[in-house]
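Written below as C-alpha cells is the structure these notes are about.
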Protein chains: 2
Amino acid sequence: MSETDRPLVTAFEWVPPFARGLVRDLRVRWALEEIGAPYDTELLNARTPRPDEYLARQPFDQVPAFRDGELDLFETGAILLYLGERDERLLPAHGQARWTAIGWLFSALNSVEPVVTRIVTYDVFNKDKDWAAQARESATGLCGQKLKRVNDALAGKDWLAGSFSIADIAMVTVLNGLRHTELVAEYPQLAAYHQRGTERPAYKRALDAQMADFVADPT
Amino acid sequence: MSETDRPLVTAFEWVPPFARGLVRDLRVRWALEEIGAPYDTELLNARTPRPDEYLARQPFDQVPAFRDGELDLFETGAILLYLGERDERLLPAHGQARWTAIGWLFSALNSVEPVVTRIVTYDVFNKDKDWAAQARESATGLCGQKLKRVNDALAGKDWLAGSFSIADIAMVTVLNGLRHTELVAEYPQLAAYHQRGTERPAYKRALDAQMADFVADPT
C-alpha cells in the first residue's frame, strides 16, 4: 500500500542490460510525466517469482501493476486508458478523436507488438538456435507489413491520432523493441515518428527514472 | 455507408475452412448479440487487397471495421470497449469492476493472443517447415504459462471480471485459436470457462451469422 496519495507503479529493481528501457512500467511513467503527476514506485525482484499475493494485482506476475487510491489496475493498455480518461493531454474526451486514439492504442498492443515480440524472441532469447534464424525470416516479412501500415497512416501527421495521445506512448515503446535492428529505419515516416516520441521531455524523464530504479546488485 | 441506423460491421464473404469461426468480426457480432442490437454487415473479399479507401477505416486492411452513425472504429478491442461503454451487460460502468474487466480485455489481446497466434502460425501457416516444429515447442511452453495464469485466475469465478463482460468475449475468442490443439483441455477451469462462453446463445447466434455470410463462391 502506498503511504502517500500518489499513484503507485510496480517496477523491477534490476534487469539485464538488453531489457533496460524495455520494461513496460516505462509506458506508465511516461504517461504520468506527460501530465506532471508525481508517483511512487514499488520495486520487485525480477529474478524470482513475486509473492503469491502479487497475482491478485497482476495475474501474469509481470510489471507494472498500478494502484491509485482504492483502485488496482493491470495491463499497460488499461492503465494508459485510465490515465487518458483523467487528462485530455493523453486522450481526447469525446467523439471520433477519442476512438481513433483508442483504436491505435489497441493497434500498438495487438497488431504491432505481437510480431515485434516474435522478432525479440528469436533474436534475443533463442539466438543460439538454428530454427530461430528461419523463424525470424518468416516474422520479419510480417513485421515489415505492419510497420509499413503504421508508416503510411502517419502521412501528414505528427501523431497517430492527430494530437499526441496514449496511442503514441504505446506505439513508440512497442517500436523500442526493435532497437537492436534496422527494421524501423526502413520506413522514414515511422522512424521520424519514433524519434519524435523519444525526444519528448516526458519520455526522457520516464526513461531516466526507470534506469535510476535499477538499483539492486545483480550478483 | 449503411443505409439504416444500425451499426455496420465489415466481414469477409469467404475464408478457407481453417479460418471459419476465427475471423475477428465474430467478437463484435457476439457483443451486439448479447445486447440484442441489430447490425448490418458489409462483406469484403479476403483474397484480394481491399480498396485503398478501406485503409482510412482499418489501417491494417483487416476486418472488422465498425461504423456507428458518424463514428468509425477499428481494432476489436476498441470496438468492444465502445459497445461496453454503452451497455452495462457488457462492461460495468464504474469503479474496480470496470477496470478489472478492462484489464482482462487487454490481457486477452496482449498477454494471451500473441502466443496463441504464434502456435497458429507454426501449426497452420508453416506446418510443412522443419523449423516450425522447434519454434512451436518453444512457444508451447510459454503458451502453457499464460493459460495456467488465466486458469488460476478463474478459481471460484464463472467469468474473468466476476460478471460476464467484453473481457470474456475477447478471451473466449482468443482461445478459439487453439481449437486444433489440446492445450486448453490441460487446464480444467479454463476449459470449462471456454465451454461456458461458447454455449451462450449470443455466441451461437454470432457464430451462425458469421458462417452464413461466407456466401461467395471460392472458385
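As shown in the C-alpha cells, the chain order sets the letters A, B, ...; within each chain, residues go from 1, and ligands are also counted from 1 in the order they appear.
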For chain A against chain B, with a cut-off of 7 Å and counting only C-alpha atoms, what is the closest atom pair and its distance in Å to one decimal for every residue that makes the cut, ordered by chain and number, as a Markdown table?
```
| residue | atom | partner | partner_atom | distance |
| --- | --- | --- | --- | --- |
| A:Pro59 | CA | B:Arg149 | CA | 6.3 |
| A:Phe60 | CA | B:Arg149 | CA | 5.9 |
| A:Leu71 | CA | B:Gln96 | CA | 5.8 |
| A:Leu73 | CA | B:Trp99 | CA | 6.4 |
| A:Phe74 | CA | B:Gly103 | CA | 5.5 |
| A:Glu75 | CA | B:Gly103 | CA | 5.6 |
| A:Gly77 | CA | B:Phe106 | CA | 6.2 |
| A:Ala78 | CA | B:Gly103 | CA | 5.3 |
| A:Gln96 | CA | B:Leu71 | CA | 5.8 |
| A:Trp99 | CA | B:Leu73 | CA | 6.4 |
| A:Thr100 | CA | B:Leu73 | CA | 6.7 |
| A:Ile102 | CA | B:Ala78 | CA | 6.0 |
| A:Gly103 | CA | B:Ala78 | CA | 5.3 |
| A:Phe106 | CA | B:Gly77 | CA | 6.2 |
| A:Ser107 | CA | B:Glu75 | CA | 6.5 |
| A:Leu109 | CA | B:Asn110 | CA | 5.8 |
| A:Asn110 | CA | B:Asn110 | CA | 5.7 |
| A:Pro114 | CA | B:Pro114 | CA | 5.1 |
| A:Trp131 | CA | B:Trp131 | CA | 4.7 |
| A:Gln134 | CA | B:Trp131 | CA | 6.5 |
| A:Ala135 | CA | B:Trp131 | CA | 6.7 |
| A:Arg149 | CA | B:Phe60 | CA | 5.9 |
| A:Ala153 | CA | B:Pro59 | CA | 6.7 |
```
Next, write the just-selected residues to a file, as a compact mmCIF listing (two decimals), in the first residue's frame, keeping N, CA and C atoms as the atom set.
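Okay, out-v5.txt is ready:
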```
# COMPACT_ATOMS: atom_id res chain seq x y z
N PRO A 59 -2.20 -10.65 -12.66
CA PRO A 59 -2.41 -12.10 -12.78
C PRO A 59 -1.31 -12.83 -13.55
N PHE A 60 -0.49 -12.12 -14.32
CA PHE A 60 0.57 -12.78 -15.09
C PHE A 60 1.94 -12.62 -14.42
N LEU A 71 -8.23 1.88 -6.26
CA LEU A 71 -8.28 1.10 -7.50
C LEU A 71 -6.97 0.40 -7.80
N LEU A 73 -5.08 -1.65 -10.93
CA LEU A 73 -5.15 -1.92 -12.36
C LEU A 73 -3.96 -2.75 -12.80
N PHE A 74 -4.16 -3.53 -13.88
CA PHE A 74 -3.06 -4.24 -14.51
C PHE A 74 -3.23 -4.13 -16.02
N GLU A 75 -2.18 -4.47 -16.75
CA GLU A 75 -2.05 -4.32 -18.21
C GLU A 75 -1.81 -2.84 -18.55
N GLY A 77 -2.08 -1.29 -21.29
CA GLY A 77 -3.14 -0.68 -22.10
C GLY A 77 -4.25 -0.13 -21.22
N ALA A 78 -4.64 -0.90 -20.22
CA ALA A 78 -5.70 -0.47 -19.31
C ALA A 78 -5.25 0.73 -18.46
N GLN A 96 -14.99 11.14 -32.36
CA GLN A 96 -14.09 10.40 -33.24
C GLN A 96 -12.64 10.45 -32.77
N TRP A 99 -11.98 7.82 -30.18
CA TRP A 99 -12.00 6.43 -30.65
C TRP A 99 -10.88 6.14 -31.63
N THR A 100 -10.44 7.16 -32.36
CA THR A 100 -9.26 6.96 -33.21
C THR A 100 -8.05 6.67 -32.35
N ILE A 102 -8.02 5.44 -29.28
CA ILE A 102 -8.17 4.12 -28.64
C ILE A 102 -7.94 3.00 -29.66
N GLY A 103 -8.40 3.20 -30.90
CA GLY A 103 -8.11 2.21 -31.95
C GLY A 103 -6.61 2.01 -32.14
N PHE A 106 -5.00 0.06 -29.18
CA PHE A 106 -5.12 -1.39 -29.35
C PHE A 106 -4.25 -1.89 -30.50
N SER A 107 -4.13 -1.09 -31.57
CA SER A 107 -3.25 -1.50 -32.69
C SER A 107 -1.83 -1.72 -32.22
N LEU A 109 -0.75 -2.57 -29.37
CA LEU A 109 -0.59 -3.71 -28.47
C LEU A 109 -1.03 -5.03 -29.10
N ASN A 110 -1.92 -4.98 -30.09
CA ASN A 110 -2.45 -6.23 -30.63
C ASN A 110 -2.09 -6.47 -32.10
N PRO A 114 2.74 -7.94 -31.07
CA PRO A 114 2.96 -9.39 -31.15
C PRO A 114 4.08 -9.77 -32.12
N TRP A 131 16.84 -23.00 -35.58
CA TRP A 131 15.49 -22.75 -36.08
C TRP A 131 15.11 -21.27 -35.98
N GLN A 134 15.42 -19.09 -39.14
CA GLN A 134 14.38 -19.30 -40.15
C GLN A 134 13.03 -18.75 -39.70
N ALA A 135 12.74 -18.92 -38.43
CA ALA A 135 11.51 -18.36 -37.89
C ALA A 135 11.55 -16.84 -37.99
N ARG A 149 2.23 -0.28 -42.68
CA ARG A 149 0.88 0.24 -42.47
C ARG A 149 0.90 1.43 -41.50
N ALA A 153 0.05 5.34 -42.41
CA ALA A 153 -1.00 6.04 -41.67
C ALA A 153 -0.49 7.35 -41.08
```
I'd like the contact shell of range 31-39 of chain B - 8 Å cut-off, only C-alpha atoms, skipping same-chain residues fewer than 2 positions apart - returned as a ChimeraX atom specification.
/B:6-9,27-29,41,80,83,87,89-90,166,169,202-203,205-206
Can you pull out every residue from range 7-108 of chain A that DSSP, working from the backbone, puts in helix (DSSP H, G or I), and format the result as an MDAnalysis selection string?
chainID A and resid 17:19 25:34 52:56 76:86 95:108
Restricted to C-alpha atoms, what would the selected residues look like written as a short mmCIF file (atom, residue, chain, number, x, y, z; two decimals), in the first residue's frame?
```cif
data_model
loop_
_atom_site.label_atom_id
_atom_site.label_comp_id
_atom_site.auth_asym_id
_atom_site.auth_seq_id
_atom_site.Cartn_x
_atom_site.Cartn_y
_atom_site.Cartn_z
CA PRO A 17 21.13 -4.72 -19.92
CA PHE A 18 19.18 -5.92 -23.00
CA ALA A 19 15.90 -5.28 -21.15
CA ASP A 25 6.47 0.36 -16.47
CA LEU A 26 8.13 2.87 -18.84
CA ARG A 27 4.76 3.38 -20.53
CA VAL A 28 3.02 4.27 -17.30
CA ARG A 29 5.87 6.50 -16.09
CA TRP A 30 5.80 8.33 -19.45
CA ALA A 31 2.05 9.00 -19.25
CA LEU A 32 2.40 10.27 -15.69
CA GLU A 33 5.32 12.51 -16.70
CA GLU A 34 3.29 13.98 -19.59
CA ASP A 52 1.58 -15.12 -4.42
CA GLU A 53 -0.31 -12.06 -3.21
CA TYR A 54 1.05 -10.14 -6.20
CA LEU A 55 -1.00 -12.32 -8.59
CA ALA A 56 -4.14 -10.67 -7.24
CA THR A 76 -0.36 -1.21 -19.56
CA GLY A 77 -3.14 -0.68 -22.10
CA ALA A 78 -5.70 -0.47 -19.31
CA ILE A 79 -3.51 1.79 -17.18
CA LEU A 80 -2.88 4.15 -20.12
CA LEU A 81 -6.62 4.27 -20.81
CA TYR A 82 -7.31 5.02 -17.14
CA LEU A 83 -4.84 7.91 -17.14
CA GLY A 84 -6.16 9.08 -20.51
CA GLU A 85 -9.69 9.33 -19.17
CA ARG A 86 -8.40 11.64 -16.47
CA GLY A 95 -16.10 11.63 -30.30
CA GLN A 96 -14.09 10.40 -33.24
CA ALA A 97 -10.79 11.73 -31.85
CA ARG A 98 -11.20 9.61 -28.72
CA TRP A 99 -12.00 6.43 -30.65
CA THR A 100 -9.26 6.96 -33.21
CA ALA A 101 -6.74 7.19 -30.37
CA ILE A 102 -8.17 4.12 -28.64
CA GLY A 103 -8.11 2.21 -31.95
CA TRP A 104 -4.42 3.00 -32.32
CA LEU A 105 -3.76 2.09 -28.67
CA PHE A 106 -5.12 -1.39 -29.35
CA SER A 107 -3.25 -1.50 -32.69
CA ALA A 108 0.06 -0.91 -30.95
#
```
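We find CA of Ser163 in chain A and CA of Tyr193 in chain A to be spaced 12.5 Å apart.
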CA of Glu88 in chain A and CA of Phe164 in chain A are how many Å apart?
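CA of Phe164 in chain A lies 9.9 Å from CA of Glu88 in chain A.
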If you run DSSP on this backbone, which residues of range 32-207 of chain B come out as strand (DSSP E), and could you give them as a PDB file with C-alpha atoms, in the first residue's frame?
```pdb
ATOM      1  CA  ASP B  40     -25.648  -4.683 -40.857  1.00  0.00           C
ATOM      2  CA  THR B  41     -22.642  -6.337 -42.434  1.00  0.00           C
ATOM      3  CA  GLU B  42     -20.525  -5.163 -45.342  1.00  0.00           C
ATOM      4  CA  LEU B  43     -18.870  -8.204 -46.917  1.00  0.00           C
ATOM      5  CA  LEU B  44     -15.358  -7.827 -48.348  1.00  0.00           C
ATOM      6  CA  ALA B  65     -14.098  -2.171 -39.220  1.00  0.00           C
ATOM      7  CA  PHE B  66     -17.104  -0.738 -37.418  1.00  0.00           C
ATOM      8  CA  ARG B  67     -19.322   2.246 -38.123  1.00  0.00           C
ATOM      9  CA  ASP B  68     -21.990   3.632 -35.802  1.00  0.00           C
ATOM     10  CA  LEU B  71     -18.178   7.233 -35.773  1.00  0.00           C
ATOM     11  CA  ASP B  72     -15.673   4.913 -37.430  1.00  0.00           C
ATOM     12  CA  LEU B  73     -13.806   2.422 -35.245  1.00  0.00           C
ATOM     13  CA  PHE B  74     -11.145  -0.213 -35.834  1.00  0.00           C
TER      14      PHE B  74
END
```
Would you mind telling me which residue in A:Asp128, A:Asp168, A:Glu182, A:Glu13 lies nearest to Thr198 in chain A when using only C-alpha atoms?
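Ranked by minimum distance to Thr198 in chain A, first place goes to A:Asp168.
For the pair CA of His194 in chain B and CA of Val120 in chain B, the separation is 18.0 Å.
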Spatial neighbours of Ala185 in chain A, max dist 12 Å, only C-alpha atoms, sep filter under 4 positions, as a PDB file with C-alpha atoms, in the first residue's frame:
```pdb
ATOM      1  CA  GLY A 144       7.565  -5.163 -42.294  1.00  0.00           C
ATOM      2  CA  LEU A 147       5.399  -1.263 -39.887  1.00  0.00           C
ATOM      3  CA  LYS A 148       4.534  -0.129 -43.416  1.00  0.00           C
ATOM      4  CA  ASN A 151       4.248   4.382 -41.582  1.00  0.00           C
ATOM      5  CA  LEU A 175       8.850   0.097 -31.535  1.00  0.00           C
ATOM      6  CA  ASN A 176      11.621   0.330 -28.912  1.00  0.00           C
ATOM      7  CA  LEU A 178      13.204  -3.287 -32.463  1.00  0.00           C
ATOM      8  CA  ARG A 179      16.078  -1.043 -31.326  1.00  0.00           C
ATOM      9  CA  HIS A 180      18.582  -3.871 -31.947  1.00  0.00           C
ATOM     10  CA  THR A 181      17.514  -3.975 -35.644  1.00  0.00           C
ATOM     11  CA  GLN A 189       7.878   8.478 -41.572  1.00  0.00           C
ATOM     12  CA  LEU A 190       7.847   5.783 -38.914  1.00  0.00           C
ATOM     13  CA  ALA A 191      11.486   6.376 -37.964  1.00  0.00           C
ATOM     14  CA  ALA A 192      10.881  10.136 -37.672  1.00  0.00           C
ATOM     15  CA  TYR A 193       7.777   9.444 -35.579  1.00  0.00           C
ATOM     16  CA  HIS A 194       9.684   7.150 -33.246  1.00  0.00           C
ATOM     17  CA  GLN A 195      12.409   9.757 -32.818  1.00  0.00           C
TER      18      GLN A 195
END
```
May I ask which of the residues A:Asn45, A:Gly21, A:Thr4, A:Lys157 is the closest one to Ala209 in chain A, counting only C-alpha atoms?
A:Gly21
